[in-house]
Amino acid sequence: MDRIRIQTLIEMLALRAQETAVSIAYTYQNEPKTYAQLWQDINQCATYLQQLGLERHDRVVIALPNGHDFFAAFYGTQRVGGIAVPVFPGYSPARILQMVQLCGAKIVVLPSSMPLEQLNRLREQTTPLGLTLITVAESKELETSASFPEVRPDDIAFLQYTSGSTGNPKGVQLTHRNLITNVNQMIAGMEIRVDEIFVSWLPVYHDMGLILKTMVPFYLGAQTHLLSTGLGKIHRWIEAIQQHQATFTAAPDFAYRLLVRRISNPQDYDLSTLRVALNAAEPVRASTIRDFEAAFGLDRVMVAGYGLAEATVGVSMWQPNHAAKVDDRGFVSVGRPFPEVNITILQDNKPAPAGEIGEIAITSPANTSGYFNNAQATDALFWDGEVLTRRRGGAEGFERAFVEWREANPISFEPTTFLSGDLGYLDEDGYLYIVGRKKNMIIQAGETIYAAEVEEAVNSVTAVRYSAAVGIDEGRIEGEQVVIFAEIREDDTSPEAFQETSIDIVQAFQERFGFRPGAVYLLQPQTIPMTYNGKLQHIKLQQLFLDGELRENGRILFPDY
C-alpha cells in the first residue's frame, strides 16, 4: 500500500480496507478484527451518527474502554466529518457532563455492555439537556450510508483533553495532518518497522495508547495486540508479549516498576523478542531500566521517550539498541528530537546554552493549533521568540522513507513553537534531559529542588510503594519546605517500622541533597492522587494536605499527631 498518499486517518483505513481487507487490523483480547470488518463497523457507526443529525465539526464524547466499540465510534465520528472526544470511561456521569459542556457535544457514546435500565435512566436525565446517549451496538444492524462528507487534512480529528495533573482540562485540537505527520515522525525517530509486533494495555482513549500503539501499526500494516487496561493482573502483559513474540511495547515508568515488583518468577517468561520497551509519560528512572532488564535477562531494550498532547504525542526517544545516557544526578536522557522537531531551552524567555536547565519549548509541524474554545490558554501556550535548532541533522539523519514522505507532502506553513511547562536541558550533543515540571519546583532555603529528583531518591527505600514531593509554605520564617508523602507497603505496620522507614527516607533525601526535608508523612496505599494514566497530581495532593483531608480521613499513618 502506498502510504505516501495518505493524508487523513479516514484515507488510511479506507485504503487498508481496500488493499489489505482480509489482513488483521488488530486483536483485542486475542479476538481478531480484519480491516474489512473494522471499516464495516466504522461505516455503520457513522451512518447511525449521521441519522442522529451529526454534522461536520460537531463533537462526540466517547466514553469507551479498550475494545472494538472504541474504534467504531472514534473513526465513525470522523467519517461523518465530526470531532471525536475520547474520555476516561470510568468518569462519573457528572464528570462526563462536564466534558460535554467543555467541548459542546450533543452526543455521548457509552459502552454497549451498559445495562439497558441504567442507560435509559441516564437518557431520562440528559434528554432535557439536549444530549443524546447511544451505544455502538445500536448501529450494528444498519445499512451503511452511501454518502459521507469529504474529510480534509486540516479538519480536527479529535480533541485530546489534558489529564488535569496541573490544572483544569484543556482540549488539545489535533488535525488529521497533525496525526499523520507525527505518525511519520515517530516511525522514523523510533525506527519502527513494517514487521513490528506491538503489544499494549495502554488506554486507547489517551494519546500514547491511541496514536503510537494503534495508529502507527494501522498506518504500517504492522501487527498490534491490544489488552484491557488496568494492571491488577499485570502478568497478562508479559504473557501477551511472550505469546505473540512482541517486538515493541510501551508504558509509563510506574508500570515497569510494578512489573518487576509483582512478578516473583521473571525467569519463567521469555521476552527475548522485545526490541523496544518504551518508557514514557512520566519521569524515567535509571533504576527502572536497570531492574527491568536485569529481571528479564534483557539488554538495551528499554528506551526513554518524551511526548506531549500539544505535540500530537511524540517528541523524542532514545535510539533502540543503545545504552541509556544518565547524568550525574540520575536523570535519564529521553534522546534526541524526532525529525523536524526543534527543542529550545528557555531561561528568562531567552534561549539557554547547552547544559543549562530551563523550560522546554517545542517547534514541530505536528504541533496543535491550540486548545478548543480556550483562547486565553492558547495564547499562553505559544512562544514567538528565537528558535535554536538542536536536532539530529533534520530528516537526512533518519530513514529514507521519512524523506520520501516529506517530499510528497511538503510543509506549507510555518511550524509553531509552544511552551511545554516541563523543565530540562540539552547536552552538547543535543540529547534532552527532563528534570521536572515547571510547577513542581520547590524552593527551600534558596535551593531549587525538583519533585522528580526527590521522588527518585525516596522510591529507592524498600518499604516505599510510591512517593510524591510538594512544597509547603506555612508562613513561618523558614519559608517553603520540601514535604514528602510516601505510600508504604503493608508488610509491617508497627510504630517501630514506621519510624524506621521515615528515618530511611530522610537519610535517602539527605544523601542526595545535603540537608533534611521539611517533613515526611507515611500514607496508606492508594492515597497519593494520580490521573487515570498514572501521573502524580502534586497540586491536588498539596491541597488535600493543607485542607486537613488526609488526616481527617485517616490516610496518614505516621506520624500520628
# chains A, B, ... in the order shown; residues from 1 in each chain; ligands from 1
>>> residues_around(residues="Leu259 (chain A)", least_positions_apart="4", cutoff="7 Å", atoms="only C-alpha atoms", output="list in words")
Ile234, Ala255 and Ile263 of chain A
>>> write_last_selection(atoms="N, CA, C and O atoms", output="mmCIF file, in the first residue's frame")
data_model
loop_
_atom_site.group_PDB
_atom_site.id
_atom_site.type_symbol
_atom_site.label_atom_id
_atom_site.label_comp_id
_atom_site.auth_asym_id
_atom_site.auth_seq_id
_atom_site.Cartn_x
_atom_site.Cartn_y
_atom_site.Cartn_z
ATOM 1 N N ILE A 234 -1.138 -7.918 36.180
ATOM 2 C CA ILE A 234 -0.069 -7.405 35.327
ATOM 3 C C ILE A 234 0.653 -8.509 34.558
ATOM 4 O O ILE A 234 1.250 -8.254 33.509
ATOM 5 N N ALA A 255 4.591 1.487 35.628
ATOM 6 C CA ALA A 255 4.110 0.169 35.221
ATOM 7 C C ALA A 255 5.256 -0.833 35.166
ATOM 8 O O ALA A 255 5.095 -1.998 35.565
ATOM 9 N N ILE A 263 6.125 -9.575 39.727
ATOM 10 C CA ILE A 263 6.449 -10.856 39.086
ATOM 11 C C ILE A 263 7.582 -11.507 39.872
ATOM 12 O O ILE A 263 8.744 -11.102 39.776
#
>>> residues_around(residues="region 46-56 of chain A", least_positions_apart="6", cutoff="12 Å", atoms="only C-alpha atoms", output="PyMOL selection string")
chain A and resi 10+39-40+71-84+105-109+131-152+155-157
>>> residues_around(residues="Arg285 (chain A)", least_positions_apart="5", cutoff="8 Å", atoms="only C-alpha atoms", output="list in words")
Asp253, Gly330, Phe331, Val332 and Glu456 of chain A
>>> closest_residue(among="A:Gly471, A:Gly370, A:Gly104, A:Pro86", to="His57 (chain A)", atoms="only C-alpha atoms")
A:Gly104
>>> select_by_dssp(residues="region 357-512 of chain A", states="strand (DSSP E)", output="ChimeraX atom specification")
/A:358-364,416-426,432-437,441-444,447-450,464-472,481-488
>>> closest_residue(among="A:Ile505, A:Leu64, A:Met114, A:Ala452", to="Val464 (chain A)", atoms="only C-alpha atoms")
A:Ile505
>>> residues_around(residues="Phe558 (chain A)", least_positions_apart="5", cutoff="10 Å", atoms="only C-alpha atoms", output="MDAnalysis selection string")
chainID A and resid 493 495 498:499 501:502 520:524
>>> residues_around(residues="Glu480 (chain A)", least_positions_apart="4", cutoff="10 Å", atoms="only C-alpha atoms", output="list of chain:residue names")
A:Ile442, A:Ile443, A:Gln444, A:Ala445, A:Gly446, A:Val470, A:Gly471, A:Ile472, A:Asp473, A:Glu474, A:Gly475, A:Arg476, A:Gly518
>>> atom_distance(atom1="CA of Thr288 (chain A)", atom2="CA of Tyr256 (chain A)")
6.8 Å
>>> residues_around(residues="Gln223 (chain A)", least_positions_apart="5", cutoff="12 Å", atoms="only C-alpha atoms", output="mmCIF file with C-alpha atoms, in the first residue's frame")
data_model
loop_
_atom_site.group_PDB
_atom_site.id
_atom_site.type_symbol
_atom_site.label_atom_id
_atom_site.label_comp_id
_atom_site.auth_asym_id
_atom_site.auth_seq_id
_atom_site.Cartn_x
_atom_site.Cartn_y
_atom_site.Cartn_z
ATOM 1 C CA SER A 23 -5.400 -8.746 6.954
ATOM 2 C CA ILE A 24 -5.795 -8.454 10.717
ATOM 3 C CA ALA A 25 -6.062 -4.810 11.772
ATOM 4 C CA TYR A 26 -5.628 -5.704 15.440
ATOM 5 C CA THR A 27 -6.608 -8.255 18.043
ATOM 6 C CA TYR A 28 -8.377 -7.337 21.246
ATOM 7 C CA PRO A 32 -9.034 -10.567 15.689
ATOM 8 C CA LYS A 33 -10.619 -7.827 13.609
ATOM 9 C CA THR A 34 -9.767 -7.556 9.901
ATOM 10 C CA TYR A 35 -9.518 -4.230 8.111
ATOM 11 C CA ILE A 192 9.655 1.328 13.743
ATOM 12 C CA ARG A 193 9.493 -1.402 11.111
ATOM 13 C CA VAL A 194 6.694 -2.853 8.994
ATOM 14 C CA ASP A 195 7.252 -6.281 10.582
ATOM 15 C CA GLU A 196 6.893 -4.881 14.116
ATOM 16 C CA ILE A 197 4.630 -6.721 16.572
ATOM 17 C CA PHE A 198 3.008 -4.400 19.110
ATOM 18 C CA VAL A 199 1.507 -5.436 22.441
ATOM 19 C CA SER A 200 -0.282 -2.795 24.514
ATOM 20 C CA LYS A 213 0.081 1.828 19.718
ATOM 21 C CA THR A 214 -2.804 1.742 17.214
ATOM 22 C CA MET A 215 -2.496 4.480 14.561
ATOM 23 C CA VAL A 216 1.165 3.702 13.844
ATOM 24 C CA PRO A 217 0.534 -0.028 13.242
ATOM 25 C CA PHE A 218 -2.606 0.764 11.210
ATOM 26 C CA HIS A 244 2.749 -13.038 20.355
ATOM 27 C CA GLN A 245 6.559 -12.729 20.304
ATOM 28 C CA ALA A 246 6.161 -8.985 20.555
ATOM 29 C CA THR A 247 8.923 -6.658 19.428
ATOM 30 C CA PHE A 248 7.501 -3.339 20.725
ATOM 31 C CA THR A 249 5.682 -2.403 23.915
#
>>> residues_around(residues="Val303 (chain A)", least_positions_apart="2", cutoff="10 Å", atoms="only C-alpha atoms", output="PyMOL selection string")
chain A and resi 190+250+275-280+284+289+300-301+305+317-324+332-335
>>> select_by_dssp(residues="region 247-476 of chain A", states="helix (DSSP H, G or I)", output="ChimeraX atom specification")
/A:253-262,266-268,286-295,309-311,375-381,394-397,400-408,438-440,451-458
>>> write_last_selection(atoms="C-alpha atoms", output="mmCIF file, in the first residue's frame")
data_model
loop_
_atom_site.group_PDB
_atom_site.id
_atom_site.type_symbol
_atom_site.label_atom_id
_atom_site.label_comp_id
_atom_site.auth_asym_id
_atom_site.auth_seq_id
_atom_site.Cartn_x
_atom_site.Cartn_y
_atom_site.Cartn_z
ATOM 1 C CA ASP A 253 7.770 4.113 34.379
ATOM 2 C CA PHE A 254 5.473 3.111 37.239
ATOM 3 C CA ALA A 255 4.110 0.169 35.221
ATOM 4 C CA TYR A 256 7.574 -1.291 34.655
ATOM 5 C CA ARG A 257 8.386 -0.826 38.354
ATOM 6 C CA LEU A 258 5.170 -2.601 39.238
ATOM 7 C CA LEU A 259 6.028 -5.409 36.842
ATOM 8 C CA VAL A 260 9.411 -6.013 38.485
ATOM 9 C CA ARG A 261 7.899 -5.918 41.976
ATOM 10 C CA ARG A 262 4.925 -8.192 41.319
ATOM 11 C CA PRO A 266 10.613 -13.479 35.860
ATOM 12 C CA GLN A 267 12.774 -16.353 34.668
ATOM 13 C CA ASP A 268 9.580 -18.174 33.627
ATOM 14 C CA ALA A 286 17.637 4.743 35.704
ATOM 15 C CA SER A 287 16.851 2.145 38.370
ATOM 16 C CA THR A 288 13.738 1.072 36.453
ATOM 17 C CA ILE A 289 15.750 0.454 33.288
ATOM 18 C CA ARG A 290 18.372 -1.472 35.231
ATOM 19 C CA ASP A 291 15.923 -3.559 37.276
ATOM 20 C CA PHE A 292 13.595 -4.412 34.374
ATOM 21 C CA GLU A 293 16.361 -5.550 32.060
ATOM 22 C CA ALA A 294 18.119 -7.495 34.817
ATOM 23 C CA ALA A 295 14.910 -9.251 35.913
ATOM 24 C CA ALA A 309 -0.505 16.010 23.631
ATOM 25 C CA GLU A 310 0.272 19.510 22.342
ATOM 26 C CA ALA A 311 2.911 17.994 20.006
ATOM 27 C CA ALA A 375 -8.318 31.485 23.629
ATOM 28 C CA GLN A 376 -6.649 32.505 26.892
ATOM 29 C CA ALA A 377 -4.911 29.159 27.386
ATOM 30 C CA THR A 378 -3.990 29.058 23.684
ATOM 31 C CA ASP A 379 -2.355 32.487 23.848
ATOM 32 C CA ALA A 380 -0.334 31.386 26.883
ATOM 33 C CA LEU A 381 0.764 28.185 25.134
ATOM 34 C CA GLY A 394 16.886 17.088 10.181
ATOM 35 C CA ALA A 395 15.225 14.365 8.123
ATOM 36 C CA GLU A 396 18.517 13.372 6.472
ATOM 37 C CA GLY A 397 19.557 11.610 9.667
ATOM 38 C CA ARG A 400 14.756 7.300 3.649
ATOM 39 C CA ALA A 401 11.048 6.528 3.994
ATOM 40 C CA PHE A 402 10.522 9.715 6.001
ATOM 41 C CA VAL A 403 12.392 11.807 3.432
ATOM 42 C CA GLU A 404 10.261 10.364 0.642
ATOM 43 C CA TRP A 405 7.083 11.015 2.606
ATOM 44 C CA ARG A 406 8.064 14.624 3.257
ATOM 45 C CA GLU A 407 8.992 15.182 -0.399
ATOM 46 C CA ALA A 408 5.471 14.083 -1.342
ATOM 47 C CA LYS A 438 7.823 23.930 35.930
ATOM 48 C CA LYS A 439 5.063 23.969 38.557
ATOM 49 C CA ASN A 440 6.680 21.131 40.526
ATOM 50 C CA ALA A 451 9.962 16.949 42.759
ATOM 51 C CA ALA A 452 11.027 14.198 40.351
ATOM 52 C CA GLU A 453 14.520 14.153 41.842
ATOM 53 C CA VAL A 454 13.142 13.850 45.381
ATOM 54 C CA GLU A 455 10.820 11.027 44.340
ATOM 55 C CA GLU A 456 13.680 9.192 42.644
ATOM 56 C CA ALA A 457 15.585 9.173 45.943
ATOM 57 C CA VAL A 458 12.608 8.291 48.146
#
>>> atom_distance(atom1="CA of Met186 (chain A)", atom2="CA of Thr162 (chain A)")
20.7 Å
>>> closest_residue(among="A:Ile6, A:Val326, A:Met99, A:Ala36", to="Val183 (chain A)", atoms="only C-alpha atoms")
A:Ile6
>>> closest_residue(among="A:Glu399, A:Asp41, A:Asp207, A:Glu447", to="Val85 (chain A)", atoms="only C-alpha atoms")
A:Asp207
>>> closest_atom_pairs(of="region 202-316 of chain A", to="region 419-430 of chain A", cutoff="12 Å", atoms="only C-alpha atoms", output="JSON lines")
{"residue": "A:Glu282", "atom": "CA", "partner": "A:Asp422", "partner_atom": "CA", "distance": 11.1}
{"residue": "A:Pro283", "atom": "CA", "partner": "A:Asp422", "partner_atom": "CA", "distance": 10.9}
{"residue": "A:Tyr306", "atom": "CA", "partner": "A:Asp422", "partner_atom": "CA", "distance": 10.6}
{"residue": "A:Gly307", "atom": "CA", "partner": "A:Ser420", "partner_atom": "CA", "distance": 9.7}
{"residue": "A:Leu308", "atom": "CA", "partner": "A:Ser420", "partner_atom": "CA", "distance": 7.8}
{"residue": "A:Ala309", "atom": "CA", "partner": "A:Ser420", "partner_atom": "CA", "distance": 9.9}
{"residue": "A:Glu310", "atom": "CA", "partner": "A:Ser420", "partner_atom": "CA", "distance": 8.1}
{"residue": "A:Ala311", "atom": "CA", "partner": "A:Ser420", "partner_atom": "CA", "distance": 9.2}
{"residue": "A:Val315", "atom": "CA", "partner": "A:Ser420", "partner_atom": "CA", "distance": 11.0}
{"residue": "A:Ser316", "atom": "CA", "partner": "A:Gly430", "partner_atom": "CA", "distance": 11.1}
>>> atom_distance(atom1="CA of Met441 (chain A)", atom2="CA of Ala469 (chain A)")
9.6 Å
>>> closest_residue(among="A:Val341, A:Leu116, A:Ala366, A:Ile503", to="Asn178 (chain A)", atoms="only C-alpha atoms")
A:Ala366
>>> closest_residue(among="A:Ser228, A:Gly534, A:Asp348, A:Ala304", to="Tyr433 (chain A)", atoms="only C-alpha atoms")
A:Ala304
